[in-house]
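Undergrad: Got a structure for you, questions after.
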Amino acid sequence: MRHGTRTTATKAFLWYSTTASSSLSNLLLLASLSKSLSRPNPNPNSTINAPLPSSLLLPLLHSPSIPFSSKLHLLHLYPSSSVFSSLLLSLPPSSPHLLPLLHLSLQSSHPPPPSTLHSLILSLLRAGHLDSALQVFSFIPSPSSLPSRTLSSFILALLHSSNLHPALSILQSLLSHSLLPSPSAANALLSALRKAGMQQEFCNLFDELSQRGFSFDTWTYNICIRAFGSWGRLGLALKLFKEIKSPDICSYNSVLYALCLAGKVRDALVVFDEMKGSGLESDRFTYRTLILGCCKACQIDEALRVFREMEYNNVKGDTVVYNNVLDGLMKARKLDDACQLFERMVADGVGVSRHSYNILIDGLFKNGRPAAGMMMFNELKKKGQFVDGVTYGIVVSQLCREERVERALELVKEMEERGIVADLVTITAMLIALHKNGKWDSAERLMKYVRDNALLPSVLSWKANMEALIRGPQDKGKDFTALFPTRGNLDDIMDWIKPSEEEDGDHDEDLDGGEKDEWSSSPYLDRLAKKLEKADDDLQTFTVTKGHRVQENGIKSFDIDMVNTYLSIFLSKGKLSIACKLFEIFTQLGNEPVSYTYNSLMSSFVKKGYLKEAWGVLQEMGDNLCPADIATYNLVIQGLGKMGEADLASAVLDQLLKKGGHLDIVMYNTLFNALGKAGRIEQVNKLFEQMTGSGINPDVVTFNTLIQVHAKAGKIQEAYKFLRKMLAAGCSPNHVTDTILDFLEQEIEKLRYQKASIIHHKDEFVTNPLN
C-alpha cells in the first residue's frame with residue numbers, strides 16, 4: 001500500500017461516513033476493513049481516517065484473521081474500557097500478549113470493568129492455565145471487585161491441581177473484604193487443610209468463618225468433626241455434632257472416629273447402638289472405625305462382636321478390616337484365633353496384602369513362635385512376593401533381640417541385593433544391637449551394605465556431631481540444677497492425671513441417666529458433649545497411639561529419631577548420665593521430645609530407683625503438653641508399686657480408665673506385680689478375671705507373676721492352680737518360671753514342716769497333757 005493512494009477500504013469508509021448506515025453497508029465495510037487489516041504490514045492510520053462506531057470496531061477486534069499488532073493500533077486510536085475488554089477477551093488463553101495487554105489496560109485511564117476480569121479468569125481456568133489466572137488475579141487492585149462466585153471457582157480449580165497455599169491466600173483475601181466463599185469452596189479448602197495436617201491454618205479459617213456468620217452445611221460439620229477429633233479436641237467435635245440438624249452416616253462415622261481415637265470405645269459403642277436405633281444403616285467405614293478402635297483399646301471381644309455383626313448385615317470386610325482384627329488378636333495373645341482368621345481371609349478371597357503377612361510374622365515372633373515366623377519369612381522370600389522393607393525390618397529386629405547380629409547384617413545385605421532400601425527403623429535396630437554387643441566396628445560393614453542410600457551416612461554424621469557435643473565442656477553453672485526438678489510431694493502426681501476435682505466429679509456421673517431430648521438424634525452424645533464442655537479438651541493428656549522410637553516422618557523427625565535411638569543405646573548399657581546429657585543438649589538445640597523420649601528416661605529412672613527424678617520427667621511431660629500413652633502409665637504404676645503406694649496406683653488406674661485409656665497385657669502384668677507386693681491378692685484375682693473377660697490371653701510373664709505373688713502370700717493352692725492353667729494354655733515355662741517354682745517348693749516344704757510340728761505338739765499334748 002502506497003502513501004497518498006486512496007485504497008478501496010478508504011473509499012468504502014468515506015462512502016459509509018456520508019451515507020445512511022444499513023446492515024448491508026456495515027457488512028461491506030467490515031469485510032473491506034478486515035481484508036485491509038489482515039494484509040502483511042498493514043497501516044491502520046492510512047486505512048481508517050475517521051472514527052469507527054462500536055458496531056464495526058468490536059467485530060474487528062474479535063476477528064481471528066487480523067494480527068494482534070493491528071488490533072493494538074486500533075486500541076491506541078480508540079482507547080476505552082470496552083475496547084480494552086474486547087481485545088482482552090479476543091485473545092486465546094495461551095496467547096503471550098494476554099498478560100502484557102492486561103497490565104497496560106490496568107495502568108491506563110480506561111481500565112476494563114470487573115466483569116471482563118471475571119470472564120478472563122474463568123476462561124483461563126477452563127483452559128487449565130492456572131499460572132496465568134494467578135497472574136491476572138495479582139493484577140487486580142481490589143479482589144472485592146470480582147464476584148465471590150468467580151473467586152470460589154478459582155479456589156476449587158487451585159485445590160483440584162493441589163495448589164493449596166494460593167487457594168488459602170485467595171480465600172483469606174475474600175474474607176478480609178467481608179465476602180463469604182461458596183460452601184463448596186470453603187468445604188474443599190477445609191478438607192485440603194485437614195489432609196495436609198495444617199492444623200493452625202485450619203483452626204484460623206474455622207474461627208474466621210464462624211465469626212463472619214458462614215452457614216455451615218452437613219459437609220462442613222463432618223469435615224470439622226473429623227479434623228478436631230483427629231487433633232484431640234473431642235469436646236469441640238462433639239459440640240459441632242450437636243449443632244447438626246440432620247446428621248448423616250458420614251457425621252456418625254466422623255464422631256465415632258473421634259471417640260475411638262480418644263480411647264472412649266465404650267462411648268463409641270453406645271453411640272453406635274443409638275445410630276442404629278435412629279434408622280441409619282452402618283457402612284463399611286462405620287464398622288472399620290469401630291473395629292480399629294476396639295482393637296487399639298485391647299477390647300478384642302467387642303471387636304469380634306462388631307465384626308460378626310458386619311458379616312451378618314452382608315457388609316463385606318476389606319483387607320484393612322481383616323488386618324485390624326488380625327493385629328488385635330495377635331496383641332491379645334490369641335495366636336490360634338489369629339491363624340484361623342488368616343486362613344479364613346484367604347479362603348474368602350479377601351486380598352492378602354504385605355501388611356497382612358507382616359502382622360502375622362511379627363505376631364508369631366511376639367507370641368513366642370520365632371521359628372514359625374522365620375519359616376514363613378523364608379517361604380515368602382522363595383515365592384518372591386509379599387516381602388518388603390517392613391518385613392525385613394521385623395525380622396532384623398527379632399534377630400537383634402536374639403543377639404544374632406551377624407545374621408541380621410546378612411539380611412541387611414540381602415535387602416540391598418534385592419533392591420529394597422533399608423529404612424531408619426532397620427538401621428536403628430542394627431545400631432542398638434551392634435553397640436550392645438560391642439561390635440561398633442561392624443558399622444563399616446553396615447554402611448557398605450546400604451551404600452546406595454544416603455540415610456546411613458547421615459546417621460554416622462549425626463553420631464559424630466553428637467559425640468563432639470557430649471565431649472564438649474560442661475556448663476558448670478548448671479551443676480547444682482536438677483535436670484528434671486520435681487514440684488510438691490508424691491500426692492501431687494494425681495494433679496497430673498486429674499486436672500480438677502470438678503472434672504473428676506463429672507466423670508462419676510452416669511451418662512445413661514438424666515434428662516433426654518426426645519428430638520435429638522443422639523441423646524447420649526448430647527450429654528457427653530455437655531460433660532466435656534467443662535473439661536479442657538484442647539490439651540490431650542492421653543493418646544491411644546503408643547509412642548515409637550522412630551516416627552518415620554522423614555527429615556522432620558530425623559533428629560528426634562536419632563535422639564531416641566542413642567538414648568536406647570546408652571540406657572541399654574546403663575549409661576544414664578550420658579543419656580541425660582544427650583537429652584539436655586538436643587533439647588537446648590530446639591528438638592522437641594516425644595512420648596517415647598520421656599518414657600525411655602522414666603523407665604531407666606524407675607528401674608534404678610530414682611523415683612523422684614521419674615516424677616520430674618512426668619511433670620515435664622505435662623508442662624510440654626506431651627500426651628502420655630499406655631507405656632507412660634505402666635511406668636507410673638510400676639514406680640508406685642516399688643514405693644509400696646498401692647492405693648495411689650489404684651487411683652492412677654481409675655483415672656486412666658476414665659480418660660479413655662485401656663489396659664494391655666503389659667499393664668495387667670504391672671498391676672499384678674504392684675498389687676501382689678502390697679498383699680492385695682483378692683484385687684489381683686479380680687483383675688485377672690477382668691483381663692480374661694476382655695479377651696486378652698495371659699502370657700508367660702502373667703503366669704509367672706501370678707504364681708509368685710500367690711506363693712509369697714502363702715496361698716500355695718492358688719499358686720498351683722495358676723501353674724496348671726499355664727500348662728493347659730500351652731504357655732511354655734522359662735528360666736524365671738523355674739526360679740519361681742523353686743521358691744514355691746521351699747514354701748511347700750516350710751508349710752509341711754509347720755504342719756508336722758503342729759501335729760507333733762498336738763500328739764505330745766494328748767499323750768502327756770500335764771507336760
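Letters for chains follow the order of the C-alpha cells (A, B, ...), residue numbers begin at 1 for each chain, and ligand numbers begin at 1 in the order shown.
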Could you list, as a ChimeraX atom specification, every residue within 7 Å of Thr486 of chain A, counting only C-alpha atoms and ignoring same-chain residues fewer than 2 positions away?

TA: /A:484,488,612,615-616

Undergrad: Export N, CA and C atoms of the chosen residues as a JSON list (two decimals), in the first residue's frame?

TA:
[["chain", "number", "residue", "atom", "x", "y", "z"],
["A", 484, "PHE", "N", 15.47, -32.60, 85.86],
["A", 484, "PHE", "CA", 14.02, -32.75, 85.93],
["A", 484, "PHE", "C", 13.56, -32.41, 87.35],
["A", 488, "GLY", "N", 6.26, -30.17, 94.64],
["A", 488, "GLY", "CA", 5.30, -30.75, 95.56],
["A", 488, "GLY", "C", 5.73, -32.12, 96.04],
["A", 612, "LYS", "N", 12.09, -39.99, 92.36],
["A", 612, "LYS", "CA", 11.86, -38.54, 92.39],
["A", 612, "LYS", "C", 12.14, -37.94, 91.01],
["A", 615, "TRP", "N", 9.31, -38.75, 88.60],
["A", 615, "TRP", "CA", 8.16, -37.85, 88.71],
["A", 615, "TRP", "C", 8.46, -36.50, 88.07],
["A", 616, "GLY", "N", 9.72, -36.09, 88.11],
["A", 616, "GLY", "CA", 10.10, -34.85, 87.42],
["A", 616, "GLY", "C", 9.91, -34.95, 85.92]]

Undergrad: Run DSSP on the backbone and tell me which residues of segment 111-347 of chain A come out as alpha helix (DSSP H); list them as a PyMOL selection string.

TA: chain A and resi 114-127+130-139+148-160+164-176+183-195+199-211+218-230+234-243+249-261+265-277+284-296+300-312+319-331+335-347

Undergrad: With distances taken over only C-alpha atoms, which residue among A:Ile432, A:Leu723, A:Leu168, A:Ala529 lies nearest Leu571 of chain A?

TA: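 Closest to Leu571 of chain A of all the choices is A:Ile432.
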
Undergrad: With distances taken over only C-alpha atoms, which of A:Val412, A:Ser191, A:Val315, A:Lys556 is nearest to His160 of chain A?

TA: A:Ser191

Undergrad: Can you pull out every residue within 10 Å of Val594 of chain A, counting only C-alpha atoms, but drop anything in the same chain fewer than 5 positions away, and send it as a ChimeraX atom specification?

TA: /A:547-549,551,560-561,564,599,621,624-628

Undergrad: For Gln299 of chain A, list every protein, DNA or RNA residue within 12 Å, evaluated using only C-alpha atoms, and leave out those in the same chain fewer than 5 positions away; present the list as a PDB file with all heavy atoms, in the first residue's frame.

TA:
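Result saved to out24.pdb:
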ATOM      1  N   CYS A 260     -13.204 -43.043  69.236  1.00  0.00           N
ATOM      2  CA  CYS A 260     -12.258 -44.163  69.273  1.00  0.00           C
ATOM      3  C   CYS A 260     -10.823 -43.671  69.381  1.00  0.00           C
ATOM      4  O   CYS A 260     -10.003 -44.267  70.093  1.00  0.00           O
ATOM      5  CB  CYS A 260     -12.425 -45.033  68.031  1.00  0.00           C
ATOM      6  SG  CYS A 260     -13.961 -45.984  68.002  1.00  0.00           S
ATOM      7  N   GLY A 263      -9.855 -42.935  72.770  1.00  0.00           N
ATOM      8  CA  GLY A 263      -9.883 -44.075  73.670  1.00  0.00           C
ATOM      9  C   GLY A 263     -11.238 -44.350  74.282  1.00  0.00           C
ATOM     10  O   GLY A 263     -11.371 -45.274  75.088  1.00  0.00           O
ATOM     11  N   LYS A 264     -12.257 -43.578  73.937  1.00  0.00           N
ATOM     12  CA  LYS A 264     -13.589 -43.748  74.533  1.00  0.00           C
ATOM     13  C   LYS A 264     -14.383 -44.755  73.693  1.00  0.00           C
ATOM     14  O   LYS A 264     -15.403 -44.416  73.072  1.00  0.00           O
ATOM     15  CB  LYS A 264     -14.288 -42.404  74.617  1.00  0.00           C
ATOM     16  CG  LYS A 264     -13.576 -41.405  75.532  1.00  0.00           C
ATOM     17  CD  LYS A 264     -14.351 -40.123  75.675  1.00  0.00           C
ATOM     18  CE  LYS A 264     -13.634 -39.155  76.620  1.00  0.00           C
ATOM     19  NZ  LYS A 264     -13.557 -39.674  77.993  1.00  0.00           N
ATOM     20  N   VAL A 265     -13.913 -45.981  73.715  1.00  0.00           N
ATOM     21  CA  VAL A 265     -14.529 -47.020  72.890  1.00  0.00           C
ATOM     22  C   VAL A 265     -15.902 -47.387  73.438  1.00  0.00           C
ATOM     23  O   VAL A 265     -16.839 -47.638  72.664  1.00  0.00           O
ATOM     24  CB  VAL A 265     -13.608 -48.258  72.826  1.00  0.00           C
ATOM     25  CG1 VAL A 265     -14.255 -49.369  72.026  1.00  0.00           C
ATOM     26  CG2 VAL A 265     -12.271 -47.883  72.208  1.00  0.00           C
ATOM     27  N   ARG A 266     -16.044 -47.410  74.768  1.00  0.00           N
ATOM     28  CA  ARG A 266     -17.349 -47.732  75.354  1.00  0.00           C
ATOM     29  C   ARG A 266     -18.394 -46.720  74.906  1.00  0.00           C
ATOM     30  O   ARG A 266     -19.518 -47.085  74.546  1.00  0.00           O
ATOM     31  CB  ARG A 266     -17.249 -47.760  76.874  1.00  0.00           C
ATOM     32  CG  ARG A 266     -18.538 -48.183  77.565  1.00  0.00           C
ATOM     33  CD  ARG A 266     -18.388 -48.125  79.074  1.00  0.00           C
ATOM     34  NE  ARG A 266     -18.275 -46.761  79.539  1.00  0.00           N
ATOM     35  CZ  ARG A 266     -19.332 -45.982  79.800  1.00  0.00           C
ATOM     36  NH1 ARG A 266     -20.555 -46.432  79.599  1.00  0.00           N
ATOM     37  NH2 ARG A 266     -19.159 -44.752  80.239  1.00  0.00           N
ATOM     38  N   LEU A 269     -19.388 -47.314  71.276  1.00  0.00           N
ATOM     39  CA  LEU A 269     -20.307 -48.428  71.089  1.00  0.00           C
ATOM     40  C   LEU A 269     -21.743 -48.039  71.455  1.00  0.00           C
ATOM     41  O   LEU A 269     -22.699 -48.484  70.808  1.00  0.00           O
ATOM     42  CB  LEU A 269     -19.846 -49.630  71.916  1.00  0.00           C
ATOM     43  CG  LEU A 269     -18.530 -50.281  71.458  1.00  0.00           C
ATOM     44  CD1 LEU A 269     -18.067 -51.316  72.460  1.00  0.00           C
ATOM     45  CD2 LEU A 269     -18.689 -50.906  70.081  1.00  0.00           C
ATOM     46  N   LEU A 290     -14.999 -48.730  64.164  1.00  0.00           N
ATOM     47  CA  LEU A 290     -15.239 -49.370  65.460  1.00  0.00           C
ATOM     48  C   LEU A 290     -14.293 -50.538  65.694  1.00  0.00           C
ATOM     49  O   LEU A 290     -13.770 -50.720  66.806  1.00  0.00           O
ATOM     50  CB  LEU A 290     -16.687 -49.847  65.539  1.00  0.00           C
ATOM     51  CG  LEU A 290     -17.738 -48.749  65.737  1.00  0.00           C
ATOM     52  CD1 LEU A 290     -19.128 -49.330  65.607  1.00  0.00           C
ATOM     53  CD2 LEU A 290     -17.571 -48.081  67.091  1.00  0.00           C
ATOM     54  N   ILE A 291     -14.059 -51.332  64.670  1.00  0.00           N
ATOM     55  CA  ILE A 291     -13.159 -52.481  64.832  1.00  0.00           C
ATOM     56  C   ILE A 291     -11.743 -52.004  65.136  1.00  0.00           C
ATOM     57  O   ILE A 291     -11.067 -52.546  66.026  1.00  0.00           O
ATOM     58  CB  ILE A 291     -13.210 -53.361  63.567  1.00  0.00           C
ATOM     59  CG1 ILE A 291     -14.563 -54.058  63.464  1.00  0.00           C
ATOM     60  CG2 ILE A 291     -12.082 -54.381  63.579  1.00  0.00           C
ATOM     61  CD1 ILE A 291     -14.784 -54.804  62.169  1.00  0.00           C
ATOM     62  N   LEU A 292     -11.286 -50.977  64.425  1.00  0.00           N
ATOM     63  CA  LEU A 292      -9.949 -50.448  64.681  1.00  0.00           C
ATOM     64  C   LEU A 292      -9.859 -49.881  66.092  1.00  0.00           C
ATOM     65  O   LEU A 292      -8.876 -50.111  66.808  1.00  0.00           O
ATOM     66  CB  LEU A 292      -9.617 -49.358  63.658  1.00  0.00           C
ATOM     67  CG  LEU A 292      -8.271 -48.648  63.843  1.00  0.00           C
ATOM     68  CD1 LEU A 292      -7.128 -49.637  63.772  1.00  0.00           C
ATOM     69  CD2 LEU A 292      -8.092 -47.555  62.796  1.00  0.00           C
ATOM     70  N   GLY A 293     -10.907 -49.144  66.536  1.00  0.00           N
ATOM     71  CA  GLY A 293     -10.894 -48.576  67.879  1.00  0.00           C
ATOM     72  C   GLY A 293     -10.875 -49.642  68.947  1.00  0.00           C
ATOM     73  O   GLY A 293     -10.120 -49.545  69.928  1.00  0.00           O
ATOM     74  N   CYS A 294     -11.691 -50.680  68.790  1.00  0.00           N
ATOM     75  CA  CYS A 294     -11.725 -51.756  69.779  1.00  0.00           C
ATOM     76  C   CYS A 294     -10.392 -52.498  69.844  1.00  0.00           C
ATOM     77  O   CYS A 294      -9.919 -52.865  70.924  1.00  0.00           O
ATOM     78  CB  CYS A 294     -12.862 -52.726  69.454  1.00  0.00           C
ATOM     79  SG  CYS A 294     -14.515 -52.038  69.703  1.00  0.00           S
ATOM     80  N   LEU A 304     -14.598 -58.403  67.840  1.00  0.00           N
ATOM     81  CA  LEU A 304     -15.139 -59.586  67.169  1.00  0.00           C
ATOM     82  C   LEU A 304     -16.663 -59.517  67.084  1.00  0.00           C
ATOM     83  O   LEU A 304     -17.259 -59.976  66.098  1.00  0.00           O
ATOM     84  CB  LEU A 304     -14.697 -60.847  67.916  1.00  0.00           C
ATOM     85  CG  LEU A 304     -13.194 -61.165  67.854  1.00  0.00           C
ATOM     86  CD1 LEU A 304     -12.868 -62.346  68.745  1.00  0.00           C
ATOM     87  CD2 LEU A 304     -12.760 -61.448  66.426  1.00  0.00           C
ATOM     88  N   ARG A 305     -17.306 -58.945  68.104  1.00  0.00           N
ATOM     89  CA  ARG A 305     -18.766 -58.802  68.068  1.00  0.00           C
ATOM     90  C   ARG A 305     -19.187 -57.881  66.923  1.00  0.00           C
ATOM     91  O   ARG A 305     -20.117 -58.196  66.160  1.00  0.00           O
ATOM     92  CB  ARG A 305     -19.274 -58.246  69.400  1.00  0.00           C
ATOM     93  CG  ARG A 305     -20.792 -58.072  69.458  1.00  0.00           C
ATOM     94  CD  ARG A 305     -21.223 -57.491  70.785  1.00  0.00           C
ATOM     95  NE  ARG A 305     -20.783 -56.123  70.951  1.00  0.00           N
ATOM     96  CZ  ARG A 305     -21.442 -55.067  70.455  1.00  0.00           C
ATOM     97  NH1 ARG A 305     -22.547 -55.243  69.736  1.00  0.00           N
ATOM     98  NH2 ARG A 305     -20.990 -53.843  70.653  1.00  0.00           N
ATOM     99  N   VAL A 306     -18.495 -56.749  66.781  1.00  0.00           N
ATOM    100  CA  VAL A 306     -18.804 -55.831  65.687  1.00  0.00           C
ATOM    101  C   VAL A 306     -18.489 -56.485  64.347  1.00  0.00           C
ATOM    102  O   VAL A 306     -19.228 -56.322  63.362  1.00  0.00           O
ATOM    103  CB  VAL A 306     -18.015 -54.513  65.857  1.00  0.00           C
ATOM    104  CG1 VAL A 306     -18.259 -53.588  64.678  1.00  0.00           C
ATOM    105  CG2 VAL A 306     -18.411 -53.819  67.156  1.00  0.00           C
ATOM    106  N   VAL A 325      -8.320 -56.762  62.778  1.00  0.00           N
ATOM    107  CA  VAL A 325      -8.716 -57.862  63.666  1.00  0.00           C
ATOM    108  C   VAL A 325      -7.542 -58.812  63.875  1.00  0.00           C
ATOM    109  O   VAL A 325      -7.296 -59.284  65.002  1.00  0.00           O
ATOM    110  CB  VAL A 325      -9.928 -58.608  63.091  1.00  0.00           C
ATOM    111  CG1 VAL A 325     -10.326 -59.763  63.999  1.00  0.00           C
ATOM    112  CG2 VAL A 325     -11.111 -57.659  62.925  1.00  0.00           C
ATOM    113  N   GLY A 328      -5.214 -57.198  66.274  1.00  0.00           N
ATOM    114  CA  GLY A 328      -5.768 -57.212  67.627  1.00  0.00           C
ATOM    115  C   GLY A 328      -5.673 -58.572  68.281  1.00  0.00           C
ATOM    116  O   GLY A 328      -5.358 -58.693  69.471  1.00  0.00           O
ATOM    117  N   LEU A 329      -5.936 -59.621  67.523  1.00  0.00           N
ATOM    118  CA  LEU A 329      -5.819 -60.971  68.077  1.00  0.00           C
ATOM    119  C   LEU A 329      -4.379 -61.294  68.463  1.00  0.00           C
ATOM    120  O   LEU A 329      -4.128 -61.938  69.495  1.00  0.00           O
ATOM    121  CB  LEU A 329      -6.329 -61.986  67.050  1.00  0.00           C
ATOM    122  CG  LEU A 329      -7.847 -62.007  66.807  1.00  0.00           C
ATOM    123  CD1 LEU A 329      -8.183 -62.891  65.607  1.00  0.00           C
ATOM    124  CD2 LEU A 329      -8.587 -62.497  68.038  1.00  0.00           C
ATOM    125  N   LYS A 331      -2.083 -59.129  69.411  1.00  0.00           N
ATOM    126  CA  LYS A 331      -1.739 -58.364  70.616  1.00  0.00           C
ATOM    127  C   LYS A 331      -2.424 -58.921  71.855  1.00  0.00           C
ATOM    128  O   LYS A 331      -1.929 -58.746  72.976  1.00  0.00           O
ATOM    129  CB  LYS A 331      -2.117 -56.901  70.410  1.00  0.00           C
ATOM    130  CG  LYS A 331      -1.237 -56.177  69.410  1.00  0.00           C
ATOM    131  CD  LYS A 331      -1.657 -54.740  69.213  1.00  0.00           C
ATOM    132  CE  LYS A 331      -0.729 -54.038  68.225  1.00  0.00           C
ATOM    133  NZ  LYS A 331      -1.152 -52.649  67.950  1.00  0.00           N
ATOM    134  N   ALA A 332      -3.579 -59.576  71.668  1.00  0.00           N
ATOM    135  CA  ALA A 332      -4.288 -60.180  72.799  1.00  0.00           C
ATOM    136  C   ALA A 332      -3.804 -61.597  73.087  1.00  0.00           C
ATOM    137  O   ALA A 332      -4.399 -62.296  73.908  1.00  0.00           O
ATOM    138  CB  ALA A 332      -5.786 -60.200  72.516  1.00  0.00           C
ATOM    139  N   GLY A 661      -8.481 -44.404  78.613  1.00  0.00           N
ATOM    140  CA  GLY A 661      -7.353 -45.302  78.462  1.00  0.00           C
ATOM    141  C   GLY A 661      -7.786 -46.758  78.490  1.00  0.00           C
ATOM    142  O   GLY A 661      -8.946 -47.084  78.742  1.00  0.00           O
ATOM    143  N   HIS A 662      -6.859 -47.641  78.244  1.00  0.00           N
ATOM    144  CA  HIS A 662      -7.149 -49.062  78.210  1.00  0.00           C
ATOM    145  C   HIS A 662      -6.003 -49.811  78.869  1.00  0.00           C
ATOM    146  O   HIS A 662      -4.943 -49.241  79.142  1.00  0.00           O
ATOM    147  CB  HIS A 662      -7.320 -49.554  76.773  1.00  0.00           C
ATOM    148  CG  HIS A 662      -6.075 -49.379  75.944  1.00  0.00           C
ATOM    149  ND1 HIS A 662      -5.761 -48.186  75.323  1.00  0.00           N
ATOM    150  CD2 HIS A 662      -5.067 -50.234  75.638  1.00  0.00           C
ATOM    151  CE1 HIS A 662      -4.632 -48.314  74.675  1.00  0.00           C
ATOM    152  NE2 HIS A 662      -4.186 -49.541  74.851  1.00  0.00           N
ATOM    153  N   LEU A 663      -6.216 -51.064  79.149  1.00  0.00           N
ATOM    154  CA  LEU A 663      -5.197 -51.901  79.763  1.00  0.00           C
ATOM    155  C   LEU A 663      -4.756 -52.941  78.741  1.00  0.00           C
ATOM    156  O   LEU A 663      -5.583 -53.712  78.232  1.00  0.00           O
ATOM    157  CB  LEU A 663      -5.739 -52.602  81.015  1.00  0.00           C
ATOM    158  CG  LEU A 663      -5.721 -51.821  82.326  1.00  0.00           C
ATOM    159  CD1 LEU A 663      -6.734 -50.696  82.271  1.00  0.00           C
ATOM    160  CD2 LEU A 663      -6.034 -52.727  83.503  1.00  0.00           C
ATOM    161  N   ASP A 664      -3.464 -52.953  78.443  1.00  0.00           N
ATOM    162  CA  ASP A 664      -2.931 -54.013  77.611  1.00  0.00           C
ATOM    163  C   ASP A 664      -2.294 -55.057  78.522  1.00  0.00           C
ATOM    164  O   ASP A 664      -2.335 -54.950  79.748  1.00  0.00           O
ATOM    165  CB  ASP A 664      -1.933 -53.466  76.588  1.00  0.00           C
ATOM    166  CG  ASP A 664      -0.746 -52.781  77.251  1.00  0.00           C
ATOM    167  OD1 ASP A 664      -0.693 -52.733  78.511  1.00  0.00           O
ATOM    168  OD2 ASP A 664       0.134 -52.293  76.526  1.00  0.00           O
ATOM    169  N   ILE A 665      -1.700 -56.070  77.941  1.00  0.00           N
ATOM    170  CA  ILE A 665      -1.173 -57.165  78.748  1.00  0.00           C
ATOM    171  C   ILE A 665      -0.005 -56.708  79.628  1.00  0.00           C
ATOM    172  O   ILE A 665       0.178 -57.188  80.746  1.00  0.00           O
ATOM    173  CB  ILE A 665      -0.770 -58.354  77.847  1.00  0.00           C
ATOM    174  CG1 ILE A 665      -0.482 -59.584  78.709  1.00  0.00           C
ATOM    175  CG2 ILE A 665       0.420 -57.993  76.960  1.00  0.00           C
ATOM    176  CD1 ILE A 665      -0.391 -60.867  77.909  1.00  0.00           C
ATOM    177  N   GLN A 690     -10.951 -59.883  84.993  1.00  0.00           N
ATOM    178  CA  GLN A 690     -11.234 -58.785  84.060  1.00  0.00           C
ATOM    179  C   GLN A 690     -10.388 -58.912  82.803  1.00  0.00           C
ATOM    180  O   GLN A 690     -10.871 -58.664  81.693  1.00  0.00           O
ATOM    181  CB  GLN A 690     -10.962 -57.451  84.748  1.00  0.00           C
ATOM    182  CG  GLN A 690     -11.119 -56.230  83.841  1.00  0.00           C
ATOM    183  CD  GLN A 690     -10.707 -54.947  84.537  1.00  0.00           C
ATOM    184  OE1 GLN A 690     -10.824 -54.808  85.747  1.00  0.00           O
ATOM    185  NE2 GLN A 690     -10.201 -54.002  83.763  1.00  0.00           N
ATOM    186  N   MET A 691      -9.146 -59.318  82.964  1.00  0.00           N
ATOM    187  CA  MET A 691      -8.241 -59.456  81.823  1.00  0.00           C
ATOM    188  C   MET A 691      -8.729 -60.534  80.859  1.00  0.00           C
ATOM    189  O   MET A 691      -8.850 -60.305  79.648  1.00  0.00           O
ATOM    190  CB  MET A 691      -6.843 -59.802  82.339  1.00  0.00           C
ATOM    191  CG  MET A 691      -5.838 -60.161  81.263  1.00  0.00           C
ATOM    192  SD  MET A 691      -4.267 -60.648  81.984  1.00  0.00           S
ATOM    193  CE  MET A 691      -3.407 -61.235  80.538  1.00  0.00           C
ATOM    194  N   THR A 692      -9.053 -61.707  81.385  1.00  0.00           N
ATOM    195  CA  THR A 692      -9.519 -62.787  80.518  1.00  0.00           C
ATOM    196  C   THR A 692     -10.906 -62.469  79.950  1.00  0.00           C
ATOM    197  O   THR A 692     -11.225 -62.868  78.827  1.00  0.00           O
ATOM    198  CB  THR A 692      -9.550 -64.102  81.302  1.00  0.00           C
ATOM    199  OG1 THR A 692     -10.340 -63.929  82.499  1.00  0.00           O
ATOM    200  CG2 THR A 692      -8.152 -64.535  81.684  1.00  0.00           C
ATOM    201  N   GLY A 693     -11.725 -61.738  80.724  1.00  0.00           N
ATOM    202  CA  GLY A 693     -13.047 -61.368  80.243  1.00  0.00           C
ATOM    203  C   GLY A 693     -13.016 -60.376  79.104  1.00  0.00           C
ATOM    204  O   GLY A 693     -13.942 -60.328  78.281  1.00  0.00           O
ATOM    205  N   SER A 694     -11.945 -59.558  79.035  1.00  0.00           N
ATOM    206  CA  SER A 694     -11.828 -58.585  77.946  1.00  0.00           C
ATOM    207  C   SER A 694     -11.260 -59.192  76.678  1.00  0.00           C
ATOM    208  O   SER A 694     -11.146 -58.513  75.663  1.00  0.00           O
ATOM    209  CB  SER A 694     -10.947 -57.405  78.387  1.00  0.00           C
ATOM    210  OG  SER A 694      -9.620 -57.843  78.641  1.00  0.00           O
ATOM    211  N   GLY A 695     -10.879 -60.475  76.761  1.00  0.00           N
ATOM    212  CA  GLY A 695     -10.412 -61.156  75.559  1.00  0.00           C
ATOM    213  C   GLY A 695      -8.912 -61.243  75.432  1.00  0.00           C
ATOM    214  O   GLY A 695      -8.401 -61.641  74.379  1.00  0.00           O
ATOM    215  N   ILE A 696      -8.158 -60.885  76.480  1.00  0.00           N
ATOM    216  CA  ILE A 696      -6.691 -60.930  76.426  1.00  0.00           C
ATOM    217  C   ILE A 696      -6.211 -62.227  77.074  1.00  0.00           C
ATOM    218  O   ILE A 696      -6.540 -62.518  78.227  1.00  0.00           O
ATOM    219  CB  ILE A 696      -6.070 -59.717  77.149  1.00  0.00           C
ATOM    220  CG1 ILE A 696      -6.529 -58.424  76.483  1.00  0.00           C
ATOM    221  CG2 ILE A 696      -4.551 -59.811  77.152  1.00  0.00           C
ATOM    222  CD1 ILE A 696      -5.998 -57.174  77.157  1.00  0.00           C
ATOM    223  N   ASN A 697      -5.455 -63.012  76.349  1.00  0.00           N
ATOM    224  CA  ASN A 697      -4.897 -64.247  76.887  1.00  0.00           C
ATOM    225  C   ASN A 697      -3.615 -63.949  77.671  1.00  0.00           C
ATOM    226  O   ASN A 697      -2.784 -63.153  77.231  1.00  0.00           O
ATOM    227  CB  ASN A 697      -4.574 -65.226  75.760  1.00  0.00           C
ATOM    228  CG  ASN A 697      -5.815 -65.916  75.231  1.00  0.00           C
ATOM    229  OD1 ASN A 697      -6.862 -65.877  75.864  1.00  0.00           O
ATOM    230  ND2 ASN A 697      -5.702 -66.531  74.065  1.00  0.00           N
TER     231      ASN A 697
END

Undergrad: At a cut-off of 9 Å, using only C-alpha atoms, what residues contact segment 339-341 of chain A? Leave out same-chain residues fewer than 3 positions from it and give the result as a PyMOL selection string.

TA: chain A and resi 322+325-326+334-336+344-346+360

Undergrad: Considering only C-alpha atoms, state which residue in the set A:Leu455, A:Ala227, A:Leu601, A:Leu256 is at the smallest distance from Phe570 of chain A.

TA: A:Leu601

Undergrad: What does the distance between atom CA of Leu656 of chain A and atom CA of Phe542 of chain A come to in Å, to one decimal place?

TA: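 Between atom CA of Leu656 of chain A and atom CA of Phe542 of chain A the gap is 8.3 Å.
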